[in-house]
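Structure first, commentary second.
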Amino acid sequence: MTQIQPDTPGIAGGQALSQAQTQFFIPATASLHERRPRTLKHGDSFAVFDHSGDAISGPGSPEGLYHRDTRHLSHLYLTVNDMRPILLSSALRDDNAMLTCDLANPDFFGDDGRVAVEHDLIHLRRTRFLWKDALYERITLRNFDTETRQISVDLSFAADFADLFEIRGMTRLRRGAMREAQVGAADVLLGYLGRDDQERQTHLHFDPMPTELTDSHARFDVTVPPGARCALFTRISCSKIDVRDGLPKQFLKSLREAMQALRSARKRGATLHSSNDLFNEVARRSVADISMLSTDTEFGPYPYAGIPWFSTVFGRDAIITALETLWMDPAISRGVLGYLAAHQATGFDPAADAEPGKILHEVRYGEMAELGEVPFRHYYGSIDSTPLFVMLAGAYLERTGDMAFLKTILPHIEAALAWIDLHGDRDGDGFVEYGRLTDQGLQNQGWKDSHDSIFHADGSIARGPIALAEVQAYVYGAWRAAAALFRAVGDDVRAADYRDRAGQLRDRFDAAFFDAALGTYVLALDGDKRPCRVRSSNAGHVLYTGLAREERAEAVVRTLMAPASFSGWGVRTIASTEKRYNPMSYHNGSIWPHDNALIASGFSRYGYQREAAQIFEGLFAAATYVDMMRLPELFCGFPRRRSQGPTFYPVACSPQAWSAAAPLALIQSSLGLRFDVSAKQISFHKPTLPHFLQSLTISSLGIDAAKVDIAFDRMGDQVVVKPMPHDSGAQIVTIA
């Protein structure tokens, strides 16, 4: 994630901070977990609310309605008779289609100071969803009193049209101009002309017509007889749209469409059901979050990274999410490959860290990106997106056999491979390194992109160009994938070349990166080729792609599962024995679900199924303590304690696509699930189920055009694989 932190040399550095080093940092002025926000997303819009359904403006508040990196609604506040209602409950549907907030009236006082209407007699239900860049809400009031009641409902609102990077804490010296609000009988149009000459608008429409409407609030005076209901409708859209149908009819029609779209997305892939009801909830939420975060593009579904800070295209995040979900839903991988191929860099642009053949890191649409105040309009400053792109293409071919599609992006795969050779290996030493092209770009360009995440054993910051351990693993995976792709198109010469190059990299990497005294691979090599002798989770990614020699695997697994690294919830980003260890940091001791999913996959590749199941158990246990059973972007790396949940990171995104996909990837790792499309074969290598799963059923698992259902039962330490009766021709194989 793009989360730069102040660059302070050494452990206790105190030099002045440059704008380039601090401008993209997310300040933890308020805890997102403390507020436990409610989130909705569709397409390029998302919304963040508190439990009552309000968006309360203020310093550090991320709440509001956003469209393409601009906040179109910064304040929304409901009162009844000038008082805030009492919160009863707040919940998202299991499929994330709709937010429902149940509220009740507080005590209403008369002019004499006595209670005129007791609390909990008027029920309010706020039903809300996002569809096609518009937020729809229905407020239903029901009177449970024995008398008719006069109720005044007031919705105050505001739009600051702030850029997302402003909300994240970046100061702007100049902004555009707010337009004068246009107020009609049932409509308000708020506008802003940016310095990029783009007009941004927020259109509010109400039904029935408010009793009073201004540029900042709508008041409805309603009379509700005993036992009766009344409904108030609001649509808040990120542009002015004409209304043809009445808003109540439009509300119901749009809700049906939104729910159908999510239902169709969920039906694309396989489904899971287990003996553990809590895990079923975790799995349902994972699938629902990925469906919600995925935006339909002309190339197919593309999972945006996370809400609130990263609801946009990210290369690395989407590729890893696609790899995690490939066994279940290959359509995501196809959508990601198609989009990234179409937006691959074709020339040099230092401000965007772009070089020919390089794959995107991030796309932004806001005013600050358009003006170049942040470099992320189309930004290519990640060292790993390009080899990961080739890896995903190879994995997609292995999973689907869809060579027809891959031939359409083969020139882009070749360009990515050329980038690895021509620009990735900056000094010709056989390893891929990164170094930003301007001081406005990201300082660290691996997935651990904090300013202090790459360091030496004494805690000193490593100076670039930096060759990360996991990036070499991704290059190995890319070359192995290239060998398979070229073999599939009949180019045996190039296939053999990439296969040989992968073998040579394995030898070269082992000599330079494995440290017997550490019992694992070093974190990185710095610009002077000095090893960063730090025990880190990055070594697990070396197992993930198969770069590690067989004889090294046991030591790496043992090191990663030692108490210094494995907290009980998961593997820490760095071990607790390291100089810069801080369990509350972003990258130096925290626990990331996606990181652990890749590590578990690496364990499974080398036959360490039981250790993979341990990681699975830790992350599942953590999820049971999280609001809505939703694994966040990361959590703190404190040791697991009996009868206590994990410690949360204050500004972690939730939902986050690659975290949502982690439980699904862990199913594949535990079962040792692999595919051979040419043989129409699904195989399970040393299948294992964690102790919290006695049985599991995978339904509609696709291979070629076939769909199969498979059940798994744990008998002691063994798992029995039971294919359901089918006539698809697919073979189910278990390898002990």
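Quick note on naming: the chains in the structure tokens go A, B, ... in the order shown, residues restart at 1 in each chain, and ligands are numbered from 1 in order of appearance.
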
Quiz item: Hey, what's within 12 Å of Leu88 of chain A if we count only C-alpha atoms and toss same-chain stuff fewer than 5 positions away? As a PyMOL selection string, please?
Solution: chain A and resi 51-53+100-106+119-120+122-126

Would you put the residues from that selection into a file with C-alpha atoms, as a PDB file, in the first residue's frame?
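The new file out_16.pdb reads:
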ATOM      1  CA  HIS A  51     -23.102   2.796  13.194  1.00  0.00           C
ATOM      2  CA  SER A  52     -26.080   5.134  13.137  1.00  0.00           C
ATOM      3  CA  GLY A  53     -25.678   5.674   9.409  1.00  0.00           C
ATOM      4  CA  THR A 100     -29.609  -1.270   7.865  1.00  0.00           C
ATOM      5  CA  CYS A 101     -29.529   0.937  10.961  1.00  0.00           C
ATOM      6  CA  ASP A 102     -32.280   0.539  13.570  1.00  0.00           C
ATOM      7  CA  LEU A 103     -32.824   3.585  15.772  1.00  0.00           C
ATOM      8  CA  ALA A 104     -35.332   4.782  18.351  1.00  0.00           C
ATOM      9  CA  ASN A 105     -36.402   8.133  19.703  1.00  0.00           C
ATOM     10  CA  PRO A 106     -34.806   9.425  22.904  1.00  0.00           C
ATOM     11  CA  HIS A 119     -37.991   6.872  24.577  1.00  0.00           C
ATOM     12  CA  ASP A 120     -38.341   3.788  22.340  1.00  0.00           C
ATOM     13  CA  ILE A 122     -40.834   5.767  17.612  1.00  0.00           C
ATOM     14  CA  HIS A 123     -38.793   3.292  15.593  1.00  0.00           C
ATOM     15  CA  LEU A 124     -36.620   4.506  12.698  1.00  0.00           C
ATOM     16  CA  ARG A 125     -35.052   2.148  10.188  1.00  0.00           C
ATOM     17  CA  ARG A 126     -32.464   3.511   7.778  1.00  0.00           C
TER      18      ARG A 126
END

Quiz item: Got a sec: who's within 7 Å of segment 303-313 of chain A, counting only C-alpha atoms, leaving out chain neighbours fewer than 6 positions off, as a PyMOL selection string?
Solution: chain A and resi 290+293-295+362-364+653-657

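When only C-alpha atoms are used to measure the gap to Pro687 of chain A, the shortest distance among A:Leu204, A:Ala730, A:Ile599, A:Val720 belongs to A:Val720.
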
Quiz item: What is the atom CA of Pro465 of chain A-atom CA of Val432 of chain A distance in Å, reported with one decimal?
Solution: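 Those two atoms sit 9.2 Å apart.
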
So which bits of segment 263-330 of chain A end up helix (DSSP H, G or I) when you DSSP the backbone, as an mmCIF file with N, CA and C atoms, in the first residue's frame?
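Resulting contents of out32.cif:
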data_model
loop_
_atom_site.group_PDB
_atom_site.id
_atom_site.type_symbol
_atom_site.label_atom_id
_atom_site.label_comp_id
_atom_site.auth_asym_id
_atom_site.auth_seq_id
_atom_site.Cartn_x
_atom_site.Cartn_y
_atom_site.Cartn_z
ATOM 1 N N ARG A 263 -25.255 -11.100 -6.485
ATOM 2 C CA ARG A 263 -25.592 -12.524 -6.540
ATOM 3 C C ARG A 263 -24.931 -13.182 -7.754
ATOM 4 N N SER A 264 -24.926 -12.511 -8.886
ATOM 5 C CA SER A 264 -24.303 -13.046 -10.093
ATOM 6 C C SER A 264 -22.798 -13.186 -9.912
ATOM 7 N N ALA A 265 -22.187 -12.215 -9.260
ATOM 8 C CA ALA A 265 -20.747 -12.289 -9.025
ATOM 9 C C ALA A 265 -20.396 -13.474 -8.133
ATOM 10 N N ARG A 266 -21.208 -13.711 -7.108
ATOM 11 C CA ARG A 266 -20.926 -14.828 -6.200
ATOM 12 C C ARG A 266 -21.120 -16.179 -6.890
ATOM 13 N N LYS A 267 -22.025 -16.241 -7.855
ATOM 14 C CA LYS A 267 -22.318 -17.509 -8.522
ATOM 15 C C LYS A 267 -21.231 -17.927 -9.513
ATOM 16 N N ASP A 277 -19.969 -23.291 11.863
ATOM 17 C CA ASP A 277 -20.812 -22.161 11.475
ATOM 18 C C ASP A 277 -20.048 -20.846 11.462
ATOM 19 N N LEU A 278 -19.107 -20.681 12.386
ATOM 20 C CA LEU A 278 -18.324 -19.452 12.403
ATOM 21 C C LEU A 278 -17.458 -19.342 11.160
ATOM 22 N N PHE A 279 -16.831 -20.452 10.763
ATOM 23 C CA PHE A 279 -16.028 -20.397 9.541
ATOM 24 C C PHE A 279 -16.909 -20.128 8.327
ATOM 25 N N ASN A 280 -18.108 -20.677 8.316
ATOM 26 C CA ASN A 280 -19.015 -20.397 7.203
ATOM 27 C C ASN A 280 -19.288 -18.899 7.087
ATOM 28 N N GLU A 281 -19.419 -18.231 8.239
ATOM 29 C CA GLU A 281 -19.614 -16.780 8.223
ATOM 30 C C GLU A 281 -18.388 -16.058 7.694
ATOM 31 N N VAL A 282 -17.200 -16.508 8.117
ATOM 32 C CA VAL A 282 -15.955 -15.904 7.631
ATOM 33 C C VAL A 282 -15.858 -16.066 6.119
ATOM 34 N N ALA A 283 -16.127 -17.267 5.623
ATOM 35 C CA ALA A 283 -16.036 -17.524 4.190
ATOM 36 C C ALA A 283 -17.061 -16.708 3.409
ATOM 37 N N ARG A 284 -18.293 -16.622 3.931
ATOM 38 C CA ARG A 284 -19.316 -15.833 3.246
ATOM 39 C C ARG A 284 -18.917 -14.367 3.176
ATOM 40 N N ARG A 285 -18.400 -13.859 4.271
ATOM 41 C CA ARG A 285 -17.985 -12.457 4.275
ATOM 42 C C ARG A 285 -16.818 -12.248 3.313
ATOM 43 N N SER A 286 -15.887 -13.194 3.252
ATOM 44 C CA SER A 286 -14.763 -13.077 2.320
ATOM 45 C C SER A 286 -15.250 -12.970 0.888
ATOM 46 N N VAL A 287 -16.123 -13.879 0.495
ATOM 47 C CA VAL A 287 -16.644 -13.871 -0.874
ATOM 48 C C VAL A 287 -17.434 -12.593 -1.139
ATOM 49 N N ALA A 288 -18.254 -12.188 -0.161
ATOM 50 C CA ALA A 288 -19.054 -10.976 -0.332
ATOM 51 C C ALA A 288 -18.170 -9.737 -0.458
ATOM 52 N N ASP A 289 -17.105 -9.670 0.341
ATOM 53 C CA ASP A 289 -16.213 -8.509 0.276
ATOM 54 C C ASP A 289 -15.496 -8.437 -1.064
ATOM 55 N N ILE A 290 -15.035 -9.581 -1.561
ATOM 56 C CA ILE A 290 -14.364 -9.577 -2.861
ATOM 57 C C ILE A 290 -15.339 -9.166 -3.959
ATOM 58 N N SER A 291 -16.575 -9.651 -3.876
ATOM 59 C CA SER A 291 -17.591 -9.263 -4.861
ATOM 60 C C SER A 291 -17.851 -7.759 -4.795
ATOM 61 N N MET A 292 -17.963 -7.215 -3.576
ATOM 62 C CA MET A 292 -18.237 -5.792 -3.429
ATOM 63 C C MET A 292 -17.060 -4.946 -3.910
ATOM 64 N N LEU A 293 -15.851 -5.354 -3.579
ATOM 65 C CA LEU A 293 -14.675 -4.568 -3.933
ATOM 66 C C LEU A 293 -14.350 -4.654 -5.422
ATOM 67 N N GLY A 315 -1.990 -2.534 -8.808
ATOM 68 C CA GLY A 315 -1.500 -3.684 -9.548
ATOM 69 C C GLY A 315 -1.181 -4.868 -8.662
ATOM 70 N N ARG A 316 -0.259 -4.666 -7.733
ATOM 71 C CA ARG A 316 0.191 -5.753 -6.862
ATOM 72 C C ARG A 316 -0.966 -6.368 -6.091
ATOM 73 N N ASP A 317 -1.790 -5.544 -5.484
ATOM 74 C CA ASP A 317 -2.884 -6.047 -4.642
ATOM 75 C C ASP A 317 -3.865 -6.888 -5.451
ATOM 76 N N ALA A 318 -4.227 -6.394 -6.629
ATOM 77 C CA ALA A 318 -5.184 -7.122 -7.450
ATOM 78 C C ALA A 318 -4.603 -8.442 -7.937
ATOM 79 N N ILE A 319 -3.331 -8.448 -8.300
ATOM 80 C CA ILE A 319 -2.701 -9.687 -8.768
ATOM 81 C C ILE A 319 -2.684 -10.720 -7.652
ATOM 82 N N ILE A 320 -2.299 -10.302 -6.449
ATOM 83 C CA ILE A 320 -2.253 -11.258 -5.337
ATOM 84 C C ILE A 320 -3.659 -11.720 -4.976
ATOM 85 N N THR A 321 -4.626 -10.809 -4.989
ATOM 86 C CA THR A 321 -6.013 -11.220 -4.753
ATOM 87 C C THR A 321 -6.455 -12.237 -5.800
ATOM 88 N N ALA A 322 -6.091 -11.993 -7.049
ATOM 89 C CA ALA A 322 -6.447 -12.920 -8.125
ATOM 90 C C ALA A 322 -5.781 -14.279 -7.921
ATOM 91 N N LEU A 323 -4.519 -14.283 -7.514
ATOM 92 C CA LEU A 323 -3.831 -15.553 -7.249
ATOM 93 C C LEU A 323 -4.484 -16.304 -6.095
ATOM 94 N N GLU A 324 -4.907 -15.578 -5.066
ATOM 95 C CA GLU A 324 -5.540 -16.207 -3.909
ATOM 96 C C GLU A 324 -6.894 -16.836 -4.262
ATOM 97 N N THR A 325 -7.579 -16.240 -5.222
ATOM 98 C CA THR A 325 -8.934 -16.693 -5.559
ATOM 99 C C THR A 325 -8.995 -17.483 -6.859
ATOM 100 N N PRO A 330 -11.732 -18.047 -11.560
ATOM 101 C CA PRO A 330 -10.717 -17.576 -12.518
ATOM 102 C C PRO A 330 -11.087 -16.286 -13.241
#

Quiz prompt | Selected residue of minimal separation from Ser57 of chain A among A:Ala473, A:Leu76, A:Ala483, A:Leu525, counting only C-alpha atoms | solution =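 Distance minimum relative to Ser57 of chain A lands on A:Leu76.
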
Quiz item: Could you pull the residues within 10 Å of Leu543 of chain A, counting only C-alpha atoms, minus those fewer than 4 positions along the same chain, as number ranges by chain?
Solution: A: 470, 473, 538-539, 547-550, 552-553, 556-557, 598-606

With C-alpha atoms retained, write the just-selected residues as a short mmCIF file (atom, residue, chain, number, x, y, z; two decimals), in the first residue's frame.
data_model
loop_
_atom_site.label_atom_id
_atom_site.label_comp_id
_atom_site.auth_asym_id
_atom_site.auth_seq_id
_atom_site.Cartn_x
_atom_site.Cartn_y
_atom_site.Cartn_z
CA GLU A 470 10.55 -12.00 -2.40
CA ALA A 473 11.11 -15.26 -5.94
CA ASN A 538 9.48 -12.25 3.07
CA ALA A 539 11.25 -15.60 3.22
CA LEU A 547 12.58 -20.67 -5.56
CA ALA A 548 13.88 -22.25 -2.34
CA ARG A 549 15.98 -25.38 -2.63
CA GLU A 550 14.33 -28.41 -1.07
CA ARG A 552 16.37 -25.12 2.77
CA ALA A 553 12.63 -25.47 3.29
CA VAL A 556 12.78 -21.60 6.74
CA VAL A 557 9.56 -23.19 8.01
CA LEU A 598 1.15 -16.73 0.69
CA ILE A 599 3.42 -18.18 3.38
CA ALA A 600 0.95 -21.00 4.01
CA SER A 601 0.82 -21.69 0.28
CA GLY A 602 4.61 -21.93 0.32
CA PHE A 603 4.47 -24.37 3.23
CA SER A 604 1.99 -26.47 1.30
CA ARG A 605 4.16 -26.47 -1.82
CA TYR A 606 7.01 -28.06 0.15
#

Quiz prompt | Residue nearest Asp133 of chain A among A:Pro62, A:Gly43, A:Gly401, A:Gly519 (counting only C-alpha atoms) | solution = A:Gly43

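Closest to Lys358 of chain A among A:Ile667, A:Ala512, A:Ala416, A:Val374 is A:Ala416, based on only C-alpha atoms.
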
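For Met178 of chain A, the set of protein, DNA and RNA residues having any atom at most 9 Å away, when counting only C-alpha atoms and skipping those fewer than 5 positions along the same chain, is Asp160, Phe161, Leu190, Gly191, Tyr192, Leu193 and Gly194 of chain A.
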